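*Asks:* Take a look at query_6.cif, mmCIF, C-alpha atoms:
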data_protein
#
loop_
_atom_site.label_atom_id
_atom_site.label_comp_id
_atom_site.auth_asym_id
_atom_site.auth_seq_id
_atom_site.Cartn_x
_atom_site.Cartn_y
_atom_site.Cartn_z
CA MET A 252 0.00 0.00 0.00
CA THR A 253 1.20 3.49 -0.80
CA THR A 254 1.62 5.46 2.39
CA THR A 255 0.67 9.13 2.47
CA PRO A 256 0.97 11.82 5.15
CA SER A 257 -2.56 10.93 6.21
CA THR A 258 -1.96 7.19 6.54
CA THR A 259 -3.45 6.31 9.91
CA ILE A 260 -2.12 3.50 12.05
CA LEU A 261 -4.22 1.96 14.80
CA TYR A 262 -1.50 0.94 17.24
CA VAL A 263 -2.17 -1.32 20.22
CA GLU A 264 0.46 -1.78 22.94
CA ASP A 265 -0.07 -2.23 26.67
CA GLU A 266 3.35 -0.92 27.75
CA PRO A 267 3.02 2.87 28.20
CA ASP A 268 6.66 3.76 27.51
CA ILE A 269 6.85 1.53 24.45
CA ARG A 270 3.55 2.89 23.19
CA MET A 271 4.77 6.45 23.58
CA ILE A 272 8.17 6.02 21.96
CA ALA A 273 6.77 4.01 19.05
CA ALA A 274 4.01 6.54 18.39
CA MET A 275 6.51 9.41 18.48
CA ALA A 276 8.81 7.62 16.07
CA LEU A 277 6.01 6.68 13.67
CA GLU A 278 4.61 10.21 13.64
CA THR A 279 7.83 12.19 13.55
CA LEU A 280 10.05 10.00 11.43
CA GLY A 281 7.39 8.26 9.37
CA GLY A 282 4.79 10.97 8.95
CA PHE A 283 2.03 8.59 9.99
CA ARG A 284 -1.01 9.54 12.02
CA VAL A 285 -1.09 7.22 15.00
CA GLU A 286 -4.11 6.28 17.07
CA SER A 287 -2.60 4.63 20.15
CA CYS A 288 -4.56 2.22 22.32
CA ALA A 289 -3.50 0.57 25.58
CA SER A 290 -5.54 -2.60 25.11
CA GLY A 291 -7.37 -4.72 22.60
CA ALA A 292 -10.68 -3.62 24.08
CA GLU A 293 -9.76 0.04 23.62
CA ALA A 294 -8.72 -0.64 20.02
CA ILE A 295 -12.06 -2.25 19.22
CA GLU A 296 -13.88 0.71 20.72
CA ARG A 297 -11.70 3.21 18.83
CA ALA A 298 -12.05 1.31 15.55
CA ALA A 299 -15.78 1.95 15.61
CA LYS A 300 -15.05 5.68 15.33
CA ILE A 301 -12.16 5.78 12.86
CA THR A 302 -11.05 3.90 9.77
CA PRO A 303 -7.35 3.15 10.12
CA ASP A 304 -5.25 2.26 7.10
CA VAL A 305 -2.95 -0.05 9.05
CA LEU A 306 -3.28 -2.16 12.20
CA LEU A 307 -0.14 -2.48 14.32
CA LEU A 308 -0.58 -4.86 17.24
CA ASP A 309 1.53 -6.08 20.10
CA VAL A 310 1.05 -9.83 20.48
CA MET A 311 1.29 -10.48 24.21
CA MET A 312 -1.06 -8.24 26.15
CA PRO A 313 -3.12 -8.86 29.24
CA GLY A 314 -6.78 -9.54 28.53
CA LEU A 315 -7.31 -9.61 24.79
CA ASP A 316 -3.99 -10.40 23.11
CA GLY A 317 -2.87 -9.25 19.66
CA PRO A 318 -4.33 -12.19 17.68
CA GLY A 319 -7.59 -11.94 19.61
CA THR A 320 -7.75 -8.20 18.94
CA LEU A 321 -7.12 -8.72 15.24
CA ALA A 322 -9.84 -11.35 15.05
CA ALA A 323 -12.28 -8.92 16.68
CA LEU A 324 -11.26 -6.04 14.41
CA ARG A 325 -11.63 -8.22 11.32
CA LYS A 326 -15.31 -8.63 12.15
CA LEU A 327 -15.79 -4.97 11.29
CA PRO A 328 -16.41 -4.99 7.52
CA LYS A 329 -14.35 -1.82 7.03
CA LEU A 330 -11.29 -3.53 8.57
CA ALA A 331 -11.73 -6.95 7.01
CA ARG A 332 -8.81 -6.39 4.63
CA THR A 333 -6.82 -3.68 6.40
CA PRO A 334 -3.10 -4.56 6.48
CA ALA A 335 -2.16 -5.87 9.93
CA ILE A 336 1.32 -6.11 11.42
CA PHE A 337 2.19 -7.86 14.67
CA MET A 338 5.00 -6.78 16.99
CA THR A 339 6.52 -9.63 18.95
CA ALA A 340 9.70 -11.23 20.23
CA LYS A 341 8.60 -14.55 18.79
CA VAL A 342 9.99 -14.38 15.30
CA GLN A 343 11.01 -17.94 14.48
CA PRO A 344 9.97 -18.81 10.89
CA GLN A 345 7.17 -21.11 12.08
CA GLU A 346 5.93 -18.40 14.47
CA ILE A 347 5.89 -15.78 11.71
CA ALA A 348 4.03 -18.25 9.50
CA GLY A 349 1.51 -18.68 12.32
CA TYR A 350 0.93 -14.94 12.58
CA LYS A 351 0.50 -14.67 8.82
CA ALA A 352 -2.03 -17.47 8.96
CA LEU A 353 -3.96 -15.31 11.43
CA GLY A 354 -4.09 -12.53 8.84
CA ALA A 355 -0.98 -10.43 9.48
CA ILE A 356 1.06 -9.36 6.48
CA ASP A 357 4.28 -9.44 8.51
CA VAL A 358 5.90 -9.16 11.92
CA ILE A 359 8.18 -6.51 13.44
CA PRO A 360 10.55 -8.05 16.00
CA LYS A 361 10.65 -6.76 19.58
CA PRO A 362 12.61 -5.11 20.94
CA PHE A 363 12.63 -2.64 18.08
CA ASP A 364 14.82 0.33 17.22
CA PRO A 365 12.64 3.47 17.43
CA MET A 366 14.74 5.17 14.77
CA SER A 367 13.99 2.52 12.16
CA LEU A 368 10.44 1.53 13.15
CA ALA A 369 8.68 3.77 10.63
CA ALA A 370 10.93 2.54 7.82
CA ALA A 371 10.16 -1.06 8.82
CA VAL A 372 6.41 -0.38 8.63
CA ARG A 373 6.79 1.32 5.24
CA ALA A 374 8.88 -1.56 3.89
CA ILE A 375 6.31 -4.12 5.02
CA LEU A 376 3.47 -2.17 3.46
CA ALA A 377 5.38 -1.76 0.19
CA ARG A 378 6.18 -5.47 0.15
CA GLY A 379 2.53 -6.22 0.80
CA ASP A 380 1.63 -4.14 -2.25
CA LYS A 381 3.98 -6.09 -4.47
CA GLU A 382 2.65 -9.43 -3.26
CA HIS A 383 -0.89 -8.19 -3.78
CA ASP A 384 -0.04 -7.09 -7.34
CA ARG A 385 1.51 -10.46 -8.10
CA GLU A 386 -1.60 -12.26 -6.90
CA ARG A 387 -3.85 -10.20 -9.19
CA MET B 178 8.20 17.93 15.88
CA SER B 179 11.81 18.22 14.69
CA ASP B 180 14.23 15.31 14.78
CA GLU B 181 16.13 17.10 17.59
CA SER B 182 12.98 17.42 19.60
CA LEU B 183 12.18 13.76 18.96
CA LEU B 184 15.62 12.74 20.16
CA ALA B 185 15.25 14.87 23.28
CA GLN B 186 11.90 13.29 24.06
CA MET B 187 13.25 9.81 23.41
CA GLU B 188 16.13 10.52 25.78
CA ALA B 189 13.67 11.69 28.43
CA LEU B 190 11.70 8.45 27.98
CA ARG B 191 14.91 6.44 28.19
CA GLN B 192 15.88 8.15 31.42
CA ARG B 193 12.44 7.49 32.86
CA PHE B 194 12.69 3.83 31.83
CA VAL B 195 16.08 3.52 33.52
CA ALA B 196 14.84 5.26 36.65
CA GLN B 197 12.03 2.70 36.89
CA LEU B 198 14.36 -0.29 36.49
CA PRO B 199 15.06 -0.84 40.23
CA GLU B 200 11.32 -0.97 40.93
CA ARG B 201 10.74 -3.36 38.02
CA LEU B 202 13.56 -5.53 39.33
CA ARG B 203 11.97 -5.54 42.76
CA GLN B 204 8.63 -6.59 41.24
CA ILE B 205 10.30 -9.46 39.38
CA GLU B 206 12.09 -10.60 42.55
CA SER B 207 8.78 -10.52 44.40
CA ALA B 208 6.95 -12.38 41.64
CA LEU B 209 9.62 -15.07 41.44
CA ALA B 210 9.48 -15.51 45.21
CA GLU B 211 5.77 -16.28 44.83
CA LEU B 212 6.10 -18.76 41.97
CA GLU B 213 5.20 -21.63 44.29
CA GLN B 214 1.69 -20.24 44.54
CA GLY B 215 1.14 -20.94 40.83
CA GLY B 216 -1.80 -19.46 38.91
CA GLU B 217 -1.82 -15.68 38.93
CA ALA B 218 1.64 -15.47 40.50
CA VAL B 219 3.11 -17.39 37.56
CA GLN B 220 1.25 -15.20 35.06
CA ARG B 221 2.46 -12.09 36.85
CA ALA B 222 6.09 -13.25 36.77
CA HIS B 223 5.77 -14.08 33.08
CA ALA B 224 4.23 -10.70 32.25
CA LEU B 225 6.92 -8.78 34.16
CA MET B 226 9.81 -10.63 32.54
CA HIS B 227 8.22 -10.46 29.09
CA SER B 228 7.64 -6.74 29.40
CA LEU B 229 11.21 -5.99 30.42
CA ALA B 230 12.57 -8.31 27.73
CA GLY B 231 10.55 -6.54 25.07
CA SER B 232 11.50 -3.03 26.09
CA GLY B 233 15.10 -3.12 27.37
CA ALA B 234 16.93 -2.76 24.08
CA THR B 235 14.43 -0.20 22.77
CA PHE B 236 15.56 2.08 25.61
CA GLY B 237 19.25 1.37 25.23
CA CYS B 238 19.43 -1.29 27.96
CA ALA B 239 20.19 -4.29 25.78
CA ASP B 240 21.76 -6.35 28.59
CA VAL B 241 18.76 -5.87 30.85
CA GLY B 242 16.43 -6.92 28.05
CA GLN B 243 18.54 -9.92 27.08
CA ILE B 244 18.76 -11.27 30.63
CA ALA B 245 15.05 -10.72 31.18
CA ARG B 246 14.43 -12.68 27.97
CA GLU B 247 16.64 -15.53 29.22
CA MET B 248 14.66 -15.58 32.46
CA GLU B 249 11.37 -15.58 30.59
CA TYR B 250 12.46 -18.39 28.28
CA ALA B 251 13.84 -20.42 31.18
CA LEU B 252 10.29 -20.69 32.54
CA PHE B 253 8.29 -20.12 29.36
CA PRO B 254 10.27 -21.22 26.30
CA ALA B 255 9.50 -19.79 22.87
CA ASP B 256 7.66 -22.99 21.95
CA GLY B 257 4.85 -21.92 24.28
CA THR B 258 5.36 -24.61 26.91
CA ASP B 259 5.21 -23.80 30.62
CA HIS B 260 8.29 -24.83 32.60
CA SER B 261 7.48 -22.75 35.65
CA ASN B 262 7.08 -25.91 37.73
CA ASP B 263 10.23 -27.48 36.36
CA ALA B 264 12.95 -27.75 39.04
CA ALA B 265 15.76 -27.54 36.47
CA ALA B 266 14.27 -24.39 34.98
CA ARG B 267 13.84 -22.78 38.40
CA ALA B 268 17.41 -23.71 39.32
CA ARG B 269 18.61 -21.36 36.58
CA LEU B 270 16.81 -18.38 38.07
CA PRO B 271 19.14 -17.32 40.93
CA ALA B 272 22.10 -16.86 38.57
CA LEU B 273 19.95 -15.05 36.02
CA LEU B 274 18.46 -12.84 38.73
CA ALA B 275 21.96 -11.95 39.95
CA ALA B 276 22.92 -11.06 36.38
CA LEU B 277 19.78 -8.94 36.04
CA ARG B 278 20.59 -7.09 39.28
CA ALA B 279 24.07 -6.35 37.95
CA ALA B 280 22.74 -5.19 34.58
CA VAL B 281 20.17 -2.93 36.25
CA GLY B 282 22.93 -1.53 38.47
CA ASP B 283 25.11 -0.84 35.45
CA ALA B 284 22.26 0.85 33.58
CA THR B 285 21.30 3.10 36.48
CA ASN B 286 24.92 3.97 37.31
CA THR B 287 25.67 4.82 33.70
CA SER B 288 22.58 6.95 33.44
CA ALA B 289 23.41 8.75 36.68
CA ALA B 290 26.96 9.41 35.51
CA GLN B 291 25.65 10.84 32.24
CA ALA B 292 23.25 13.10 34.11
CA ARG B 293 25.94 14.48 36.46
CA PRO B 294 27.56 17.73 35.33
CA THR B 295 31.19 17.30 34.36
CA ASP B 296 33.69 18.57 36.94
CA ARG B 297 35.86 21.13 35.30
CA GLU B 298 39.06 22.81 36.43
CA ASP B 299 39.41 26.15 34.69
#
Kindly present the structure from the file in structure tokens form.
*Replies:*
Amino acid sequence: MTTTPSTTILYVEDEPDIRMIAAMALETLGGFRVESCASGAEAIERAAKITPDVLLLDVMMPGLDGPGTLAALRKLPKLARTPAIFMTAKVQPQEIAGYKALGAIDVIPKPFDPMSLAAAVRAILARGDKEHDRER
Amino acid sequence: MSDESLLAQMEALRQRFVAQLPERLRQIESALAELEQGGEAVQRAHALMHSLAGSGATFGCADVGQIAREMEYALFPADGTDHSNDAAARARLPALLAALRAAVGDATNTSAAQARPTDRED
């Protein structure tokens, strides 16, 4: 997907400091608009009011985890095909394959470098575009 | 926000993260001491170690994050199994906890040294 200055990311992360530094990096270095949520439940509530272009989800969260949040968001017709990216420390090939089977287009490893996070998101979205074009 | 402003804010967040490390260490020590209780105590220990493992390197404390990850994987390996009741897994914890204490000490000392004004002799 082509990212523009108005590309909105719905970002879900339970760790306050991580949430803050990632949002700052995505907004300042990447030019994204970021809607930050502290939980899956908050993300579901927020998604009813906005239409994000990208879903960026931490995997391990108390309560509703990342995969559970994505499954709930996918039930909203407007988000049924929205690109989703998981953030997790579990990045073995079989684990990444598992996340893709759940509907993510890719995974960003944790811990992440704030200075390169926005570039990583852009690269994943661009790669997703190419794969989508090939499939058509 | 300019890049300079971003860097300044990131540094402020890093300093706050480092300042909170002793308390997070204390919480992990407390959670590990309660492992025998099982259930919520095990989940709490897992969450605390996982959180520190996932954030350490992001805030420039790679050693802290790496040791926290080793502690997490000792009890909860990446394959998703639960070894928190495993005596061999628990036997690894004291050494890892000592290493974590040292890494937290290093991180806080380094941060404090960076924050102190340089003594100058004019």
*Asks:* Using only C-alpha atoms and a cut-off of 9 Å, which residues of chain A sit close to chain B? Please list them as a list in words.
*Replies:* Glu266, Asp268, Ile269, Met271, Ile272, Met275, Ala276, Glu278, Thr279, Leu280, Met311, Met312, Pro313, Thr339, Ala340, Lys341, Gln343, Glu346, Lys361, Pro362, Phe363, Asp364 and Pro365 of chain A
*Asks:* Could you pull the residues within 8 Å of range 292-308 of chain A, counting all atoms listed in the file, minus those fewer than 5 positions along the same chain, as a VMD selection string?
*Replies:* chain A and resid 258 to 264 315 317 320 to 321 323 to 324 329 to 330 333 to 338
*Asks:* Have a look at CA of Pro271 in chain B and CA of Leu225 in chain B and let me know their distance in Å, one decimal.
*Replies:*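 Straight-line distance from CA of Pro271 in chain B to CA of Leu225 in chain B works out to 16.4 Å.
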*Asks:* Would you mind listing what lies within 10 Å of range 259-268 of chain B as a PyMOL selection string, with only C-alpha atoms counted and same-chain residues fewer than 6 positions away left out?
*Replies:* chain B and resi 209+212-213+215+219-220+222-223+248-253
*Asks:* Between A:Cys288, A:Ala369, A:Gly282, A:Gly379, which has the minimum distance to Lys351 in chain A (counting all atoms listed in the file)?
*Replies:* A:Gly379
*Asks:* Go ahead and compute the interatomic distance for CA of Leu277 in chain A and CA of Ile244 in chain B, in Å to one decimal.
*Replies:*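 Here the two named atoms are 27.8 Å from each other.
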*Asks:* Find the residue from B:Ala276, B:Ala218, B:Ala189, B:Met226 that sits nearest to Asp240 in chain B; use only C-alpha atoms when measuring.
*Replies:* B:Ala276
*Asks:* What is the CA of Thr287 in chain B to CA of Ile205 in chain B distance in Å?
*Replies:*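 So the two atoms, CA of Thr287 in chain B and CA of Ile205 in chain B, lie 21.7 Å apart.
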